[in-house]
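Here is the file work-v4.txt (compact mmCIF, C-alpha atoms).
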# COMPACT_ATOMS: atom_id res chain seq x y z
CA MET J 1 4.46 -17.54 -10.35
CA ARG J 2 3.77 -15.79 -13.63
CA LYS J 3 5.90 -12.90 -14.86
CA SER J 4 3.03 -10.45 -14.47
CA TYR J 5 3.17 -11.05 -10.69
CA ARG J 6 6.87 -10.18 -10.39
CA VAL J 7 8.79 -6.95 -9.86
CA LYS J 8 11.86 -7.57 -12.01
CA LYS J 9 13.50 -4.32 -13.10
CA GLU J 10 15.99 -2.54 -10.87
CA THR J 11 14.11 0.76 -11.33
CA GLU J 12 10.91 -0.87 -10.06
CA PHE J 13 12.75 -2.32 -7.05
CA GLN J 14 14.27 1.08 -6.33
CA ARG J 15 10.90 2.85 -6.57
CA VAL J 16 9.50 0.54 -3.88
CA PHE J 17 12.62 0.95 -1.68
CA ASP J 18 12.45 4.73 -1.97
CA THR J 19 9.01 4.83 -0.31
CA HIS J 20 10.65 3.77 2.99
CA ASP J 21 7.33 2.11 3.86
CA SER J 22 8.49 -1.09 5.46
CA VAL J 23 7.78 -3.52 8.27
CA ALA J 24 9.86 -6.37 9.58
CA ASN J 25 9.88 -9.36 11.85
CA ARG J 26 12.81 -11.62 12.75
CA VAL J 27 12.83 -13.38 9.39
CA PHE J 28 11.47 -11.03 6.69
CA VAL J 29 11.42 -7.35 5.77
CA VAL J 30 8.51 -6.21 3.58
CA TYR J 31 8.55 -2.94 1.62
CA LYS J 32 5.36 -1.82 -0.10
CA LEU J 33 4.21 0.73 -2.68
CA LYS J 34 0.55 1.44 -3.42
CA LYS J 35 -0.29 1.49 -7.14
CA ASN J 36 -3.95 2.19 -7.87
CA ASP J 37 -3.84 1.38 -11.60
CA GLN J 38 -2.87 -2.27 -11.17
CA LYS J 39 -4.96 -5.39 -11.83
CA HIS J 40 -3.10 -7.53 -9.29
CA TRP J 41 -0.23 -7.39 -6.81
CA ARG J 42 3.40 -7.81 -7.82
CA VAL J 43 6.26 -9.04 -5.67
CA GLY J 44 10.04 -8.84 -5.74
CA ILE J 45 12.03 -11.34 -3.70
CA SER J 46 15.52 -10.66 -2.43
CA VAL J 47 17.67 -13.24 -0.68
CA GLY J 48 21.18 -12.01 0.12
CA LYS J 49 24.46 -13.88 0.16
CA LYS J 50 24.46 -14.00 3.96
CA ILE J 51 21.84 -16.76 3.61
CA GLY J 52 24.37 -19.15 2.08
CA ASN J 53 25.27 -20.53 -1.31
CA ALA J 54 23.03 -20.44 -4.38
CA VAL J 55 21.30 -23.69 -3.48
CA HIS J 56 20.17 -22.32 -0.09
CA ARG J 57 19.13 -18.95 -1.55
CA ASN J 58 17.02 -20.62 -4.26
CA TRP J 59 15.51 -22.93 -1.66
CA VAL J 60 14.39 -19.94 0.42
CA LYS J 61 13.01 -18.16 -2.68
CA ARG J 62 10.98 -21.24 -3.66
CA ARG J 63 9.43 -21.36 -0.21
CA ILE J 64 8.56 -17.66 -0.31
CA ARG J 65 6.99 -18.03 -3.76
CA GLN J 66 4.97 -21.06 -2.63
CA THR J 67 3.67 -19.18 0.40
CA LEU J 68 2.66 -16.23 -1.78
CA THR J 69 0.90 -18.60 -4.19
CA ASP J 70 -1.05 -20.05 -1.25
CA LEU J 71 -1.96 -16.54 -0.04
CA LYS J 72 -2.77 -15.23 -3.54
CA PRO J 73 -6.53 -14.69 -3.02
CA GLN J 74 -5.93 -12.92 0.31
CA LEU J 75 -3.37 -10.37 -0.94
CA LYS J 76 -4.50 -6.84 -1.79
CA SER J 77 -4.30 -6.24 -5.52
CA ASP J 78 -3.15 -2.62 -5.65
CA TYR J 79 0.37 -3.02 -4.26
CA ASP J 80 3.91 -3.71 -5.39
CA PHE J 81 5.90 -5.18 -2.53
CA LEU J 82 9.33 -6.59 -1.83
CA VAL J 83 10.12 -9.50 0.47
CA ILE J 84 13.66 -9.52 1.81
CA ALA J 85 14.77 -12.64 3.64
CA ARG J 86 17.04 -12.38 6.67
CA PRO J 87 19.69 -15.05 7.39
CA SER J 88 17.47 -16.92 9.85
CA ALA J 89 15.15 -17.92 6.96
CA ASP J 90 17.69 -20.52 5.83
CA LYS J 91 17.08 -22.91 8.72
CA MET J 92 13.27 -22.82 8.71
CA SER J 93 10.70 -25.40 7.70
CA MET J 94 8.00 -24.57 5.15
CA ALA J 95 5.43 -24.13 7.93
CA ASP J 96 7.68 -21.65 9.75
CA VAL J 97 8.38 -19.69 6.56
CA LYS J 98 4.64 -19.48 5.87
CA LYS J 99 3.83 -18.43 9.44
CA ASN J 100 6.52 -15.72 9.53
CA LEU J 101 5.79 -14.38 6.04
CA THR J 102 2.05 -14.23 6.81
CA HIS J 103 2.89 -12.32 9.99
CA ALA J 104 5.06 -9.83 8.08
CA LEU J 105 2.37 -9.34 5.41
CA ASN J 106 -0.21 -8.76 8.16
CA LEU J 107 2.04 -6.12 9.74
CA ALA J 108 2.34 -4.45 6.32
CA LYS J 109 -1.47 -4.55 5.97
CA LEU J 110 -1.17 -6.36 2.64
CA LEU J 111 -3.66 -9.10 3.48
CA LYS J 112 -7.38 -8.54 3.07
CA SER J 113 -9.25 -8.74 6.35
CA ASN J 114 -11.27 -11.90 6.71
CA PRO J 115 -14.88 -11.29 7.78
CA LYS J 116 -15.87 -13.56 10.67

Entire entry expressed as structure tokens:
Amino acid sequence: MRKSYRVKKETEFQRVFDTHDSVANRVFVVYKLKKNDQKHWRVGISVGKKIGNAVHRNWVKRRIRQTLTDLKPQLKSDYDFLVIARPSADKMSMADVKKNLTHALNLAKLLKSNPK
């Protein structure tokens, strides 16, 4: 994922947290902040030490990033959002991570509706 798609600075993370606009499921918490002057969405990923050692945390982050890359065309472009992994994310397969993250993003209304 390119740098332009990432929320990196602590002040940017804090600005999204301060909106208190969040949704959650059993595996992920998603905070969002609408930014109208943006070309594309940006994401910050947080995986806490309750998940395990650095190897497990990086493993979870890689799976989150891969899911977001797969969902890239479906994500709304005018948002900054944070994905926070809960401890249960450590034991999940890639398919389960994708299913649960897609569910959380749907709850947050960050995915474009698909016309049928």

10 Å contact set for range 105-115 of chain J, all atoms listed in the file, chain neighbours under 2 positions out, as a list in words: Asp21, Ser22, Val23, Ala24, Asn25, Phe28, Val29, Val30, Tyr31, Lys32, Trp41, Leu68, Leu71, Lys72, Pro73, Gln74, Leu75, Lys76, Ser77, Asp78, Tyr79, Asp80, Phe81, Val83, Asn100, Leu101, Thr102 and His103 of chain J

Within 12 Å of (15.5, -20.0, 5.2) (file coordinates; all atoms listed in the file), which protein or nucleic acid residues are there? I'd like them as a tab-separated table (two decimals) with C-alpha atoms, keeping the file's coordinate frame.
chain	number	residue	atom	x	y	z
J	26	ARG	CA	12.81	-11.62	12.75
J	27	VAL	CA	12.83	-13.38	9.39
J	28	PHE	CA	11.47	-11.03	6.69
J	47	VAL	CA	17.67	-13.24	-0.68
J	48	GLY	CA	21.18	-12.01	0.12
J	49	LYS	CA	24.46	-13.88	0.16
J	50	LYS	CA	24.46	-14.00	3.96
J	51	ILE	CA	21.84	-16.76	3.61
J	52	GLY	CA	24.37	-19.15	2.08
J	53	ASN	CA	25.27	-20.53	-1.31
J	55	VAL	CA	21.30	-23.69	-3.48
J	56	HIS	CA	20.17	-22.32	-0.09
J	57	ARG	CA	19.13	-18.95	-1.55
J	58	ASN	CA	17.02	-20.62	-4.26
J	59	TRP	CA	15.51	-22.93	-1.66
J	60	VAL	CA	14.39	-19.94	0.42
J	61	LYS	CA	13.01	-18.16	-2.68
J	62	ARG	CA	10.98	-21.24	-3.66
J	63	ARG	CA	9.43	-21.36	-0.21
J	64	ILE	CA	8.56	-17.66	-0.31
J	84	ILE	CA	13.66	-9.52	1.81
J	85	ALA	CA	14.77	-12.64	3.64
J	86	ARG	CA	17.04	-12.38	6.67
J	87	PRO	CA	19.69	-15.05	7.39
J	88	SER	CA	17.47	-16.92	9.85
J	89	ALA	CA	15.15	-17.92	6.96
J	90	ASP	CA	17.69	-20.52	5.83
J	91	LYS	CA	17.08	-22.91	8.72
J	92	MET	CA	13.27	-22.82	8.71
J	93	SER	CA	10.70	-25.40	7.70
J	94	MET	CA	8.00	-24.57	5.15
J	95	ALA	CA	5.43	-24.13	7.93
J	96	ASP	CA	7.68	-21.65	9.75
J	97	VAL	CA	8.38	-19.69	6.56
J	98	LYS	CA	4.64	-19.48	5.87
J	100	ASN	CA	6.52	-15.72	9.53
J	101	LEU	CA	5.79	-14.38	6.04

Please report the interatomic distance between CA of Tyr5 in chain J and CA of Val43 in chain J in Å with one decimal.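 Atom-to-atom, CA of Tyr5 in chain J and CA of Val43 in chain J are spaced 6.2 Å apart.
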
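The spacing separating CA of Gln14 in chain J from CA of Ser46 in chain J amounts to 12.4 Å.
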
Mind pulling up the distance from CA of Glu10 in chain J to CA of Asp37 in chain J?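 Interatomic distance, CA of Asp37 in chain J to CA of Glu10 in chain J: 20.2 Å.
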
Since the input is missing atoms, can you rebuild N, CA and C atoms for range 86-98 of chain J and write them as a tab-separated table (two decimals), in the coordinates of the input?
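What follows is the written file result39.tsv:
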chain	number	residue	atom	x	y	z
J	86	ARG	N	15.91	-12.53	5.76
J	86	ARG	CA	17.04	-12.38	6.67
J	86	ARG	C	17.71	-13.75	6.82
J	87	PRO	N	18.95	-13.78	7.32
J	87	PRO	CA	19.69	-15.05	7.39
J	87	PRO	C	18.99	-16.18	8.14
J	88	SER	N	18.14	-15.86	9.10
J	88	SER	CA	17.47	-16.92	9.85
J	88	SER	C	16.46	-17.71	9.00
J	89	ALA	N	16.11	-17.22	7.83
J	89	ALA	CA	15.15	-17.92	6.96
J	89	ALA	C	15.73	-19.22	6.42
J	90	ASP	N	17.03	-19.35	6.40
J	90	ASP	CA	17.69	-20.52	5.83
J	90	ASP	C	17.40	-21.80	6.60
J	91	LYS	N	17.21	-21.72	7.88
J	91	LYS	CA	17.08	-22.91	8.72
J	91	LYS	C	15.62	-23.28	9.03
J	92	MET	N	14.68	-22.64	8.36
J	92	MET	CA	13.27	-22.82	8.71
J	92	MET	C	12.56	-23.85	7.84
J	93	SER	N	11.56	-24.48	8.44
J	93	SER	CA	10.70	-25.40	7.70
J	93	SER	C	9.70	-24.58	6.87
J	94	MET	N	9.00	-25.24	5.98
J	94	MET	CA	8.00	-24.57	5.15
J	94	MET	C	6.91	-23.95	6.02
J	95	ALA	N	6.48	-24.65	7.04
J	95	ALA	CA	5.43	-24.13	7.93
J	95	ALA	C	5.90	-22.86	8.64
J	96	ASP	N	7.15	-22.84	9.08
J	96	ASP	CA	7.68	-21.65	9.75
J	96	ASP	C	7.82	-20.47	8.79
J	97	VAL	N	8.26	-20.76	7.57
J	97	VAL	CA	8.38	-19.69	6.56
J	97	VAL	C	7.00	-19.10	6.30
J	98	LYS	N	6.00	-19.95	6.14
J	98	LYS	CA	4.64	-19.48	5.87
J	98	LYS	C	4.10	-18.65	7.03
